[in-house]
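Quick look at input_16.txt (compact mmCIF, C-alpha atoms):
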# COMPACT_ATOMS: atom_id res chain seq x y z
CA MET A 1 0.00 0.00 0.00
CA LYS A 2 2.80 2.39 0.90
CA GLU A 3 4.70 1.90 -2.39
CA PHE A 4 1.48 2.10 -4.39
CA ILE A 5 0.53 5.52 -2.96
CA ILE A 6 4.05 6.88 -3.35
CA ASP A 7 4.18 5.74 -6.99
CA TRP A 8 0.76 7.26 -7.59
CA ILE A 9 1.96 10.65 -6.30
CA ARG A 10 5.13 10.47 -8.37
CA ASN A 11 3.13 9.88 -11.52
CA PHE A 12 1.99 13.49 -11.34
CA TYR A 13 5.60 14.64 -11.74
CA ILE A 14 6.78 12.27 -14.48
CA HIS A 15 7.09 14.06 -17.85
CA ARG A 16 8.51 13.32 -21.35
CA ASN A 17 11.32 15.49 -22.61
CA SER A 18 11.93 16.64 -26.18
CA SER A 19 13.84 13.45 -26.97
CA GLY A 20 10.88 11.36 -25.86
CA GLU A 21 12.43 10.12 -22.59
CA TRP A 22 10.47 10.02 -19.28
CA TYR A 23 11.93 11.87 -16.31
CA LEU A 24 10.88 12.83 -12.75
CA ASP A 25 10.54 16.55 -12.07
CA LYS A 26 12.25 16.38 -8.68
CA ALA A 27 12.34 20.15 -8.15
CA THR A 28 8.60 20.52 -8.50
CA PHE A 29 8.05 17.37 -6.48
CA GLN A 30 10.17 18.70 -3.59
CA GLU A 31 8.52 22.10 -3.81
CA GLN A 32 5.00 20.68 -3.53
CA ALA A 33 5.86 17.90 -1.03
CA PRO A 34 4.60 19.91 2.02
CA PHE A 35 1.17 20.30 0.39
CA TRP A 36 1.00 16.56 -0.29
CA ALA A 37 2.02 15.90 3.33
CA ILE A 38 -0.70 18.21 4.69
CA GLY A 39 -3.31 16.71 2.38
CA LEU A 40 -2.40 13.15 3.27
CA PHE A 41 -2.29 14.05 6.95
CA LEU A 42 -5.81 15.52 6.88
CA SER A 43 -7.06 12.56 4.83
CA THR A 44 -5.56 10.12 7.32
CA ILE A 45 -7.17 11.97 10.24
CA LEU A 46 -10.54 12.03 8.46
CA ILE A 47 -10.41 8.32 7.59
CA SER A 48 -9.31 7.52 11.16
CA LEU A 49 -12.30 9.44 12.57
CA ILE A 50 -14.64 7.53 10.26
CA MET A 51 -13.08 4.22 11.32
CA TRP A 52 -13.40 5.23 14.99
CA TRP A 53 -17.07 6.11 14.51
CA ILE A 54 -17.77 2.80 12.73
CA ALA A 55 -15.93 0.85 15.43
CA ARG A 56 -17.95 2.59 18.16
CA GLN A 57 -21.20 1.83 16.37
CA ILE A 58 -20.34 -1.84 15.95
CA LEU A 59 -18.81 -2.39 19.40
CA LEU A 60 -21.13 -0.23 21.47
CA ARG A 61 -24.51 -0.53 19.81
CA GLY A 62 -24.09 -4.05 18.50
CA LEU A 63 -22.66 -5.50 21.68
CA SER A 64 -25.11 -3.54 23.84
CA LEU A 65 -27.96 -5.11 21.89
CA ILE A 66 -26.44 -8.57 22.40
CA ALA A 67 -25.90 -7.90 26.12
CA ASP A 68 -29.50 -6.77 26.61
CA ARG A 69 -30.80 -9.99 25.08
CA SER A 70 -28.41 -12.34 26.90
CA SER A 71 -29.29 -13.90 30.24
CA THR A 72 -25.79 -13.41 31.68
CA THR A 73 -24.61 -10.29 33.49
CA TRP A 74 -20.86 -10.32 32.77
CA ASP A 75 -21.36 -8.66 29.38
CA ASP A 76 -23.45 -5.92 31.05
CA HIS A 77 -20.54 -5.13 33.36
CA LEU A 78 -18.15 -4.89 30.40
CA ILE A 79 -20.46 -2.34 28.78
CA ASN A 80 -21.14 -0.41 31.99
CA ASN A 81 -17.40 -0.06 32.61
CA LYS A 82 -16.89 1.24 29.02
CA VAL A 83 -14.41 -1.46 28.02
CA PHE A 84 -15.42 -1.50 24.35
CA ARG A 85 -15.43 2.30 24.16
CA ALA A 86 -11.71 2.23 24.94
CA ILE A 87 -11.00 -0.66 22.56
CA ALA A 88 -12.68 1.32 19.73
CA PHE A 89 -9.67 3.69 19.70
CA LEU A 90 -7.23 0.93 18.77
CA LEU A 91 -8.36 0.56 15.15
CA PRO A 92 -7.94 4.23 14.06
CA LEU A 93 -4.67 4.59 16.01
CA THR A 94 -3.24 1.51 14.34
CA PHE A 95 -4.36 2.82 10.95
CA MET A 96 -2.72 6.19 11.61
CA GLU A 97 0.54 4.58 12.71
CA HIS A 98 0.71 2.65 9.44
CA PHE A 99 -0.14 5.54 7.12
CA PHE A 100 1.94 8.21 8.85
CA SER A 101 4.99 6.58 7.25
CA ILE A 102 3.43 7.62 3.91
CA VAL A 103 2.33 11.07 5.13
CA PHE A 104 5.83 11.95 6.37
CA TYR A 105 7.71 10.06 3.65
CA GLN A 106 9.81 13.12 2.86
CA TYR A 107 10.25 14.04 6.54
CA PRO A 108 11.78 11.10 8.45
CA THR A 109 12.27 13.14 11.63
CA TRP A 110 8.58 14.00 11.76
CA ASN A 111 7.76 10.40 10.96
CA VAL A 112 9.75 9.14 13.96
CA ALA A 113 8.15 11.72 16.31
CA ALA A 114 4.64 10.95 15.06
CA ASN A 115 5.15 7.21 15.47
CA ARG A 116 6.37 7.67 19.02
CA VAL A 117 3.34 9.75 19.90
CA LEU A 118 1.02 7.16 18.36
CA ASP A 119 2.81 4.31 20.15
CA VAL A 120 2.33 6.13 23.46
CA LEU A 121 -1.35 6.66 22.68
CA ILE A 122 -1.79 2.98 21.77
CA ILE A 123 -0.09 1.91 25.02
CA LEU A 124 -2.36 4.25 27.00
CA VAL A 125 -5.47 2.89 25.26
CA ILE A 126 -4.40 -0.68 26.02
CA LEU A 127 -3.77 0.30 29.66
CA VAL A 128 -7.19 1.94 29.99
CA SER A 129 -8.82 -1.09 28.37
CA ILE A 130 -7.11 -3.47 30.80
CA ASN A 131 -8.05 -1.35 33.83
CA ARG A 132 -11.66 -1.13 32.73
CA THR A 133 -11.73 -4.89 32.13
CA LEU A 134 -10.41 -5.40 35.66
CA ASN A 135 -13.18 -3.12 36.97
CA ALA A 136 -15.74 -5.24 35.14
CA LEU A 137 -14.21 -8.43 36.54
CA ARG A 138 -14.33 -6.91 40.03
CA ASP A 139 -18.04 -6.15 39.66
CA ILE A 140 -18.69 -9.66 38.35
CA LEU A 141 -16.95 -11.25 41.36
CA GLN A 142 -18.72 -9.00 43.85
CA GLU A 143 -22.05 -10.28 42.55
CA LYS A 144 -21.15 -13.79 43.67
CA GLU A 145 -22.12 -14.67 47.23
CA VAL A 146 -18.72 -16.15 48.08
CA TYR A 147 -16.91 -12.87 47.24
CA ARG A 148 -19.56 -10.37 48.35
CA ASP A 149 -18.08 -9.79 51.80
CA LYS A 150 -14.42 -10.02 50.75
CA PRO A 151 -12.13 -7.00 50.07
CA VAL A 152 -12.01 -7.82 46.34
CA GLN A 153 -11.48 -4.19 45.40
CA SER A 154 -8.17 -4.06 47.28
CA TYR A 155 -6.76 -6.92 45.21
CA PHE A 156 -7.82 -5.31 41.95
CA GLN A 157 -6.38 -1.97 43.01
CA ILE A 158 -2.93 -3.43 43.67
CA THR A 159 -3.15 -5.36 40.37
CA LYS A 160 -3.92 -2.14 38.50
CA ILE A 161 -1.03 -0.37 40.22
CA ILE A 162 1.40 -3.10 39.12
CA ILE A 163 0.07 -3.12 35.55
CA THR A 164 0.16 0.68 35.38
CA GLY A 165 3.78 0.64 36.55
CA ILE A 166 4.70 -1.81 33.79
CA PHE A 167 2.99 0.29 31.13
CA VAL A 168 4.62 3.49 32.42
CA ILE A 169 8.00 1.79 31.91
CA LEU A 170 6.95 0.84 28.36
CA ILE A 171 5.93 4.44 27.64
CA LEU A 172 9.22 5.80 28.97
CA ALA A 173 11.10 3.23 26.93
CA ARG A 174 9.28 4.26 23.75
CA VAL A 175 9.68 7.99 24.33
CA THR A 176 13.39 7.77 25.15
CA ASN A 177 14.07 4.94 22.70
CA GLN A 178 15.62 2.92 25.50
CA SER A 179 15.14 -0.73 26.41
CA PRO A 180 12.55 -1.44 29.18
CA LEU A 181 15.32 -3.38 30.95
CA PHE A 182 17.18 -0.09 31.37
CA PHE A 183 14.35 1.31 33.48
CA LEU A 184 13.86 -1.95 35.36
CA THR A 185 17.50 -1.98 36.41
CA SER A 186 17.26 1.69 37.37
CA LEU A 187 14.21 0.88 39.47
CA GLY A 188 16.40 -0.71 42.16
CA ALA A 189 17.93 2.65 42.99
CA MET A 190 14.45 4.13 43.37
CA THR A 191 13.14 1.39 45.67
CA ALA A 192 13.63 3.43 48.85
CA ILE A 193 11.79 6.40 47.34
CA LEU A 194 8.97 4.19 46.07
CA VAL A 195 8.58 2.53 49.46
CA LEU A 196 8.37 5.95 51.09
CA VAL A 197 5.87 7.30 48.57
CA PHE A 198 3.68 4.19 48.51
CA LYS A 199 4.04 3.34 52.20
CA ASP A 200 0.30 3.68 52.90
CA THR A 201 -0.55 1.68 49.79
CA ILE A 202 1.80 -1.15 50.73
CA MET A 203 0.57 -1.23 54.34
CA GLY A 204 -3.02 -1.13 53.13
CA PHE A 205 -2.42 -4.05 50.79
CA VAL A 206 -0.79 -6.10 53.55
CA GLY A 207 -3.64 -5.17 55.88
CA SER A 208 -6.32 -6.18 53.38
CA LEU A 209 -4.61 -9.54 52.85
CA GLN A 210 -4.55 -10.19 56.60
CA LEU A 211 -8.16 -9.07 57.01
CA ALA A 212 -9.28 -11.44 54.27
CA ALA A 213 -7.09 -14.36 55.39
CA ASN A 214 -8.26 -14.14 59.01
CA ASP A 215 -11.85 -13.17 58.11
CA MET A 216 -11.63 -10.23 60.51
CA ILE A 217 -13.96 -7.89 58.66
CA ARG A 218 -16.46 -8.12 55.83
CA LEU A 219 -18.66 -5.75 53.90
CA GLY A 220 -21.84 -5.19 55.89
CA ASP A 221 -20.26 -5.94 59.29
CA TRP A 222 -21.17 -3.73 62.22
CA VAL A 223 -17.89 -2.50 63.73
CA THR A 224 -17.03 -0.17 66.58
CA MET A 225 -13.67 1.60 66.71
CA ASP A 226 -13.54 4.24 69.44
CA LYS A 227 -10.15 5.58 68.38
CA TYR A 228 -11.62 6.84 65.10
CA GLY A 229 -15.13 7.51 66.39
CA ALA A 230 -16.57 4.77 64.15
CA ASP A 231 -19.71 2.88 65.10
CA GLY A 232 -21.64 1.56 62.13
CA THR A 233 -21.66 -0.65 59.06
CA VAL A 234 -18.69 -1.31 56.76
CA GLN A 235 -19.62 0.09 53.35
CA GLU A 236 -16.38 -0.29 51.40
CA ILE A 237 -12.95 -1.91 51.85
CA ASN A 238 -10.33 -0.28 49.66
CA LEU A 239 -6.60 -0.72 49.33
CA ALA A 240 -5.84 2.17 51.68
CA THR A 241 -9.07 2.87 53.58
CA VAL A 242 -12.19 1.27 55.01
CA LYS A 243 -15.39 3.33 54.89
CA VAL A 244 -17.78 2.92 57.81
CA GLN A 245 -21.24 4.48 57.74
CA ASN A 246 -22.12 5.41 61.30
CA PHE A 247 -25.65 5.16 62.64
CA ASP A 248 -26.04 8.93 62.36
CA LYS A 249 -25.37 8.50 58.60
CA THR A 250 -21.94 10.12 58.78
CA ILE A 251 -18.99 8.41 57.08
CA THR A 252 -15.78 7.56 58.93
CA THR A 253 -12.72 6.70 56.84
CA ILE A 254 -10.24 4.44 58.62
CA PRO A 255 -6.84 3.27 57.30
CA THR A 256 -7.07 -0.40 56.34
CA TYR A 257 -3.95 -1.28 58.30
CA ALA A 258 -5.52 0.22 61.47
CA PHE A 259 -7.78 -2.84 61.69
CA ILE A 260 -4.59 -4.90 62.11
CA SER A 261 -2.60 -2.59 64.39
CA ASP A 262 -5.47 -1.28 66.58
CA SER A 263 -8.31 -2.97 68.44
CA PHE A 264 -11.90 -2.82 67.27
CA ILE A 265 -15.20 -4.59 67.94
CA ASN A 266 -16.90 -6.60 65.23
CA TRP A 267 -20.52 -7.37 66.13
CA ARG A 268 -20.85 -10.08 63.47
CA GLY A 269 -20.79 -12.85 66.08
CA MET A 270 -23.78 -11.30 67.81
CA GLN A 271 -25.63 -10.85 64.54
CA GLU A 272 -25.04 -14.47 63.56
CA SER A 273 -26.02 -15.82 67.00
CA ASP A 274 -29.54 -16.54 68.26
CA GLY A 275 -29.79 -13.43 70.43
CA ARG A 276 -28.29 -10.16 71.57
CA ARG A 277 -26.98 -9.88 75.09
CA ILE A 278 -28.36 -7.71 77.88
CA LYS A 279 -25.87 -7.15 80.67
CA ARG A 280 -26.93 -4.33 82.95
CA SER A 281 -27.13 -3.82 86.69
CA ILE A 282 -29.50 -2.01 89.01
CA PHE A 283 -28.07 -0.77 92.31
CA ILE A 284 -29.94 -1.57 95.53
CA GLN A 285 -29.68 0.67 98.60
CA ILE A 286 -27.86 -1.49 101.16
CA ASP A 287 -29.76 -0.28 104.21
CA THR A 288 -33.07 -1.42 102.68
CA ILE A 289 -31.95 -5.07 102.59
CA HIS A 290 -33.51 -7.14 105.41
CA PHE A 291 -35.11 -10.46 106.26
CA ALA A 292 -38.54 -10.97 104.79
CA SER A 293 -41.32 -10.69 107.34
CA ASP A 294 -44.41 -12.88 107.34
CA GLU A 295 -46.42 -9.97 105.99
CA LEU A 296 -43.98 -9.49 103.10
CA LEU A 297 -43.97 -13.21 102.34
CA LYS A 298 -47.74 -13.24 102.32
CA LYS A 299 -47.88 -10.23 100.01
CA LEU A 300 -45.28 -11.62 97.62
CA SER A 301 -47.01 -15.01 97.55
CA SER A 302 -49.72 -13.36 95.49
CA ILE A 303 -47.20 -12.96 92.64
CA ARG A 304 -47.81 -15.90 90.34
CA VAL A 305 -44.18 -16.60 89.39
CA LEU A 306 -43.09 -16.52 93.07
CA GLU A 307 -46.01 -18.36 94.66
CA GLU A 308 -44.64 -21.88 94.27
CA TYR A 309 -41.05 -20.81 95.01
CA ILE A 310 -41.97 -19.05 98.29
CA LYS A 311 -44.14 -21.96 99.39
CA THR A 312 -41.49 -24.62 98.69
CA THR A 313 -38.58 -22.58 100.07
CA GLN A 314 -40.45 -21.57 103.22
CA SER A 315 -41.44 -25.16 103.94
CA GLY A 316 -37.82 -26.25 103.66
CA ILE A 317 -36.64 -23.40 105.92
CA GLU A 318 -39.24 -24.15 108.59
CA ALA A 319 -38.33 -27.83 108.56
CA TYR A 320 -34.63 -26.98 108.95
CA ASN A 321 -35.21 -24.53 111.81
CA LYS A 322 -37.50 -26.98 113.63
CA GLU A 323 -35.00 -29.80 113.28
CA HIS A 324 -32.20 -27.70 114.77
CA GLY A 325 -34.33 -25.96 117.38
CA PHE A 326 -33.88 -22.47 116.04
CA ASP A 327 -36.40 -19.82 116.96
CA VAL A 328 -36.90 -17.59 113.96
CA ASP A 329 -37.70 -14.50 116.00
CA GLU A 330 -34.79 -14.82 118.44
CA SER A 331 -31.88 -16.64 116.85
CA ILE A 332 -29.72 -15.25 114.06
CA ASN A 333 -28.72 -18.82 113.34
CA ALA A 334 -32.14 -19.56 111.92
CA ARG A 335 -32.57 -19.64 108.16
CA ARG A 336 -34.77 -16.90 106.75
CA GLN A 337 -35.55 -15.48 103.35
CA THR A 338 -34.41 -11.96 102.43
CA ASN A 339 -36.20 -9.36 100.38
CA ILE A 340 -33.25 -9.01 97.98
CA GLY A 341 -33.07 -12.77 97.52
CA LEU A 342 -36.78 -12.85 96.69
CA PHE A 343 -36.36 -9.94 94.29
CA ARG A 344 -33.40 -11.68 92.61
CA MET A 345 -35.48 -14.83 92.15
CA TYR A 346 -38.39 -12.76 90.84
CA VAL A 347 -36.14 -11.11 88.23
CA GLU A 348 -34.92 -14.52 87.06
CA LYS A 349 -38.42 -16.00 86.81
CA TYR A 350 -39.72 -12.82 85.15
CA LEU A 351 -37.05 -13.13 82.47
CA ALA A 352 -37.72 -16.85 82.08
CA ASN A 353 -41.35 -16.06 81.27
CA HIS A 354 -40.68 -13.02 79.07
CA PRO A 355 -41.78 -13.79 75.48
CA GLU A 356 -39.02 -11.70 73.86
CA VAL A 357 -36.12 -13.22 75.82
CA ASN A 358 -34.32 -16.19 74.26
CA HIS A 359 -34.72 -18.98 76.81
CA GLU A 360 -32.30 -21.26 74.94
CA MET A 361 -29.36 -18.99 75.80
CA PRO A 362 -27.82 -18.15 79.21
CA LEU A 363 -30.22 -16.35 81.56
CA ILE A 364 -29.33 -15.32 85.09
CA SER A 365 -29.92 -12.67 87.71
CA ARG A 366 -26.93 -12.39 90.01
CA GLN A 367 -25.67 -10.26 92.87
CA LEU A 368 -22.28 -8.62 92.39
CA ALA A 369 -19.82 -7.31 94.97
CA PRO A 370 -21.12 -4.33 96.97
CA THR A 371 -19.93 -0.90 95.86
CA PRO A 372 -20.15 2.62 97.35
CA ASN A 373 -23.22 2.99 95.15
CA GLY A 374 -25.03 0.01 96.68
CA VAL A 375 -25.37 -3.66 95.82
CA PRO A 376 -25.41 -4.30 92.04
CA LEU A 377 -28.05 -6.77 90.89
CA GLU A 378 -27.05 -7.75 87.37
CA VAL A 379 -29.46 -8.89 84.67
CA TYR A 380 -27.80 -11.21 82.15
CA CYS A 381 -29.87 -12.57 79.27
CA PHE A 382 -30.29 -12.49 75.49
CA THR A 383 -33.10 -10.94 73.47
CA LYS A 384 -34.56 -12.66 70.44
CA ASP A 385 -34.59 -9.40 68.48
CA LYS A 386 -31.03 -8.48 67.48
CA GLU A 387 -31.88 -5.28 65.62
CA TRP A 388 -30.99 -2.07 67.39
CA ASN A 389 -34.52 -0.67 67.74
CA GLY A 390 -36.10 -3.94 68.87
CA TYR A 391 -33.24 -4.71 71.26
CA GLU A 392 -33.43 -1.31 72.96
CA ARG A 393 -37.22 -1.59 73.23
CA VAL A 394 -37.07 -5.01 74.92
CA MET A 395 -34.30 -3.93 77.30
CA GLY A 396 -36.18 -0.75 78.15
CA ASP A 397 -39.38 -2.69 78.87
CA ILE A 398 -37.54 -5.09 81.17
CA PHE A 399 -35.89 -2.41 83.27
CA ASP A 400 -38.99 -0.22 83.30
CA HIS A 401 -40.78 -3.13 84.95
CA LEU A 402 -37.96 -3.86 87.40
CA PHE A 403 -37.66 -0.22 88.48
CA ALA A 404 -41.40 -0.10 89.12
CA THR A 405 -41.44 -3.45 90.95
CA VAL A 406 -38.50 -3.06 93.34
CA GLU A 407 -40.54 -1.18 95.98
CA ALA A 408 -42.93 -4.13 96.31
CA PHE A 409 -39.98 -6.02 97.87
CA GLU A 410 -39.37 -3.18 100.36
CA LEU A 411 -36.17 -2.29 98.54
CA GLU A 412 -34.93 1.06 97.26
CA LEU A 413 -32.69 1.90 94.34
CA PHE A 414 -29.49 3.78 95.07
CA GLU A 415 -29.46 7.41 94.01
CA ASN A 416 -26.95 10.13 94.80
CA PRO A 417 -28.36 12.90 97.00
CA SER A 418 -30.37 15.41 95.02
CA GLY A 419 -31.43 18.94 95.77
CA ARG A 420 -34.70 17.62 97.19
CA ASP A 421 -32.81 15.39 99.63
CA VAL A 422 -30.74 18.35 100.81
CA ARG A 423 -33.84 20.48 101.32
CA GLN A 424 -35.55 17.73 103.30
CA LEU A 425 -32.45 17.33 105.48
CA MET A 426 -32.22 21.07 106.07
CA GLY A 427 -35.90 21.15 107.04
CA ARG A 428 -35.34 18.56 109.75
CA LEU A 429 -32.44 20.45 111.36
CA PRO A 430 -33.33 22.54 114.41
CA SER A 431 -33.39 26.27 113.76
Written as structure tokens, that's how I'd like the structure from this file.
Amino acid sequence: MKEFIIDWIRNFYIHRNSSGEWYLDKATFQEQAPFWAIGLFLSTILISLIMWWIARQILLRGLSLIADRSSTTWDDHLINNKVFRAIAFLLPLTFMEHFFSIVFYQYPTWNVAANRVLDVLIILVILVSINRTLNALRDILQEKEVYRDKPVQSYFQITKIIITGIFVILILARVTNQSPLFFLTSLGAMTAILVLVFKDTIMGFVGSLQLAANDMIRLGDWVTMDKYGADGTVQEINLATVKVQNFDKTITTIPTYAFISDSFINWRGMQESDGRRIKRSIFIQIDTIHFASDELLKKLSSIRVLEEYIKTTQSGIEAYNKEHGFDVDESINARRQTNIGLFRMYVEKYLANHPEVNHEMPLISRQLAPTPNGVPLEVYCFTKDKEWNGYERVMGDIFDHLFATVEAFELELFENPSGRDVRQLMGRLPS
């Protein structure tokens, strides 16, 4: 093709002299060579644009039509990530690279410069096409259940960085007309600088590998990280950062490696279990704790969940005291029930009969060591509803009931002195 076009142009400058011999009018040919170069250049650009338009029509419209009719989704991701739009540039660029040797036939220096520019453009188009294909592959993998909660994006990001580095070396080699091995050998001297510049990227990549290998965090996990003020759901795991959407809809960005170097709470275990734990204490005023009188026992026996317990326990206590000759009213050695013990048993039986408490998981009401704020009575159980709203509602209902019930056992909750307490004390002092 090249020789054919050059011969065709030369035919315009071949003439017959007076002796009948054919000769080439080189002077005129050299004089008009710039005009031929400009004309061929514009023609090449125009043909390249037409080829680019045709390629776009075939690749984009034709393949989009095929993708819409197919039952698979991988082709949709290729189109959505504009893979074929990038590939459409290869045909006109390749055409231009071939025909520029004809356009700049008389100008070898311009021909070399133009070819280098086109080679760089072709390399860039190939790089963009590969990166977009990787994006499509990432989206395809994230649709699969097995990869949905894995940091797939981190792996593709480091792959794109490596590929981009290779193509940058190829571009430098083409521009400087040096071998790619020259830049690879020179890369050793730049290792320290590269490590410094890409320190966060390298640490993020190592962190994402460890997170995935140890299954420490997944997309959709509820995590709490007080150091960064994060308390919400993991939305995205990147090469360098992890995005957490807090419950107030704010976004906290945390370095990926921080999940390896710092401590955090992952609530996935709770979400995958059969219930969500309640572990909260109410503080009983110590001076309100006493032995249960007959009147109190009689009153509490009317409570359905305690009726059988009080009857059985009291019978056992009376039999023990009678056997050992203990007088309940006079001897401290006698066994007697206490109001806090009855309240503790009531709390346990109340929870055991609560319809929204998971009775298949641990359930206990226990007394902790006394504190300056009173005696803690801890409630330990699991709710069936693990969602935040339902969990808080159930826990609120339980403690609302316990706060309202404690006085029936002749107990009082501990409370620091308030202004009302001070005023009552001042009113009792002699004037």
task = Please provide as a PyMOL selection string all residues within 7 Å of stretch 374-382 of chain A, with the sequence filter that same-chain residues fewer than 3 positions apart are discarded (counting only C-alpha atoms).
result = chain A and resi 275-286+357-358+361-371+414
Expected file: the selected residues, C-alpha atoms, as a PDB file, in the coordinates of the input:
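Result file out_27.pdb:
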ATOM      1  CA  GLY A 275     -29.790 -13.430  70.430  1.00  0.00           C
ATOM      2  CA  ARG A 276     -28.290 -10.160  71.570  1.00  0.00           C
ATOM      3  CA  ARG A 277     -26.980  -9.880  75.090  1.00  0.00           C
ATOM      4  CA  ILE A 278     -28.360  -7.710  77.880  1.00  0.00           C
ATOM      5  CA  LYS A 279     -25.870  -7.150  80.670  1.00  0.00           C
ATOM      6  CA  ARG A 280     -26.930  -4.330  82.950  1.00  0.00           C
ATOM      7  CA  SER A 281     -27.130  -3.820  86.690  1.00  0.00           C
ATOM      8  CA  ILE A 282     -29.500  -2.010  89.010  1.00  0.00           C
ATOM      9  CA  PHE A 283     -28.070  -0.770  92.310  1.00  0.00           C
ATOM     10  CA  ILE A 284     -29.940  -1.570  95.530  1.00  0.00           C
ATOM     11  CA  GLN A 285     -29.680   0.670  98.600  1.00  0.00           C
ATOM     12  CA  ILE A 286     -27.860  -1.490 101.160  1.00  0.00           C
ATOM     13  CA  VAL A 357     -36.120 -13.220  75.820  1.00  0.00           C
ATOM     14  CA  ASN A 358     -34.320 -16.190  74.260  1.00  0.00           C
ATOM     15  CA  MET A 361     -29.360 -18.990  75.800  1.00  0.00           C
ATOM     16  CA  PRO A 362     -27.820 -18.150  79.210  1.00  0.00           C
ATOM     17  CA  LEU A 363     -30.220 -16.350  81.560  1.00  0.00           C
ATOM     18  CA  ILE A 364     -29.330 -15.320  85.090  1.00  0.00           C
ATOM     19  CA  SER A 365     -29.920 -12.670  87.710  1.00  0.00           C
ATOM     20  CA  ARG A 366     -26.930 -12.390  90.010  1.00  0.00           C
ATOM     21  CA  GLN A 367     -25.670 -10.260  92.870  1.00  0.00           C
ATOM     22  CA  LEU A 368     -22.280  -8.620  92.390  1.00  0.00           C
ATOM     23  CA  ALA A 369     -19.820  -7.310  94.970  1.00  0.00           C
ATOM     24  CA  PRO A 370     -21.120  -4.330  96.970  1.00  0.00           C
ATOM     25  CA  THR A 371     -19.930  -0.900  95.860  1.00  0.00           C
ATOM     26  CA  PHE A 414     -29.490   3.780  95.070  1.00  0.00           C
TER      27      PHE A 414
END
request  = For A:Met345, please output as a PyMOL selection string all residues within 10 Å (counting all atoms listed in the file; exclusion window: fewer than 5 positions along the same chain).
outcome  = chain A and resi 305-306+309-310+339-340+350-351+364-366
inquiry  = At a cut-off of 9 Å, using only C-alpha atoms, what residues contact stretch 158-165 of chain A? Leave out same-chain residues fewer than 6 positions from it and give the result as a VMD selection string.
reply    = chain A and resid 127 130 to 131 134 201 to 202 205 239
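Counting only C-alpha atoms, A:Trp267 has the following residues at most 12 Å away, ignoring those fewer than 6 positions along the same chain: Met216, Ile217, Arg218, Gly220, Asp221, Trp222, Val223, Thr224, Met225, Asp231, Gly232, Thr233, Val234, Ser273, Gly275, Arg276, Arg277, Lys386, Glu387 and Trp388 of chain A.
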Save out the residues we just selected, C-alpha atoms, as a PDB file, in the frame of the given file.
ATOM      1  CA  MET A 216     -11.630 -10.230  60.510  1.00  0.00           C
ATOM      2  CA  ILE A 217     -13.960  -7.890  58.660  1.00  0.00           C
ATOM      3  CA  ARG A 218     -16.460  -8.120  55.830  1.00  0.00           C
ATOM      4  CA  GLY A 220     -21.840  -5.190  55.890  1.00  0.00           C
ATOM      5  CA  ASP A 221     -20.260  -5.940  59.290  1.00  0.00           C
ATOM      6  CA  TRP A 222     -21.170  -3.730  62.220  1.00  0.00           C
ATOM      7  CA  VAL A 223     -17.890  -2.500  63.730  1.00  0.00           C
ATOM      8  CA  THR A 224     -17.030  -0.170  66.580  1.00  0.00           C
ATOM      9  CA  MET A 225     -13.670   1.600  66.710  1.00  0.00           C
ATOM     10  CA  ASP A 231     -19.710   2.880  65.100  1.00  0.00           C
ATOM     11  CA  GLY A 232     -21.640   1.560  62.130  1.00  0.00           C
ATOM     12  CA  THR A 233     -21.660  -0.650  59.060  1.00  0.00           C
ATOM     13  CA  VAL A 234     -18.690  -1.310  56.760  1.00  0.00           C
ATOM     14  CA  SER A 273     -26.020 -15.820  67.000  1.00  0.00           C
ATOM     15  CA  GLY A 275     -29.790 -13.430  70.430  1.00  0.00           C
ATOM     16  CA  ARG A 276     -28.290 -10.160  71.570  1.00  0.00           C
ATOM     17  CA  ARG A 277     -26.980  -9.880  75.090  1.00  0.00           C
ATOM     18  CA  LYS A 386     -31.030  -8.480  67.480  1.00  0.00           C
ATOM     19  CA  GLU A 387     -31.880  -5.280  65.620  1.00  0.00           C
ATOM     20  CA  TRP A 388     -30.990  -2.070  67.390  1.00  0.00           C
TER      21      TRP A 388
END
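In this structure, atom CA of A:Lys322 sits 21.9 Å away from atom CA of A:Gly341.
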Go through stretch 94-166 of chain A residue by residue and, counting all atoms listed in the file, keep those with an atom at most 12 Å from stretch 177-183 of chain A; for each kept residue give the shortest atom pair and its distance in Å to one decimal, ordered by chain and increasing number, as a Markdown table.
| residue | atom | partner | partner_atom | distance |
| --- | --- | --- | --- | --- |
| A:Val112 | CA | A:Asn177 | CA | 10.6 |
| A:Ala113 | CA | A:Asn177 | CA | 11.0 |
| A:Asn115 | CA | A:Asn177 | CA | 11.7 |
| A:Arg116 | CA | A:Asn177 | CA | 9.0 |
| A:Asp119 | CA | A:Asn177 | CA | 11.6 |
| A:Val120 | CA | A:Asn177 | CA | 11.8 |
| A:Gly165 | CA | A:Phe183 | CA | 11.0 |
| A:Ile166 | CA | A:Pro180 | CA | 9.1 |
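The space separating atom CA of A:Met270 from atom CA of A:Leu402 comes to 25.3 Å.
When only C-alpha atoms are used to compute distances to A:Ser263, the closest of the residues A:Lys227, A:His359, A:Lys243, A:Lys249 turns out to be A:Lys227.
Between A:Val83 and the candidates A:Thr44, A:Thr312, A:Gln57, A:Asn135, the tightest atom-to-atom separation, counting all atoms listed in the file, involves A:Asn135.
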key: Shell of 10 Å around A:Lys82, all atoms listed in the file, local chain residues under 5 positions omitted, as a PyMOL selection string   = chain A and resi 60+76-77+87+128-129+132-133+135-136
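Nearest to A:Ile289 of all the residues A:Asp262, A:Glu412, A:Glu348, A:Asp400 is A:Glu412, based on only C-alpha atoms.
Going from atom CA of A:Ile332 over to atom CA of A:Arg344, you cover 22.1 Å.
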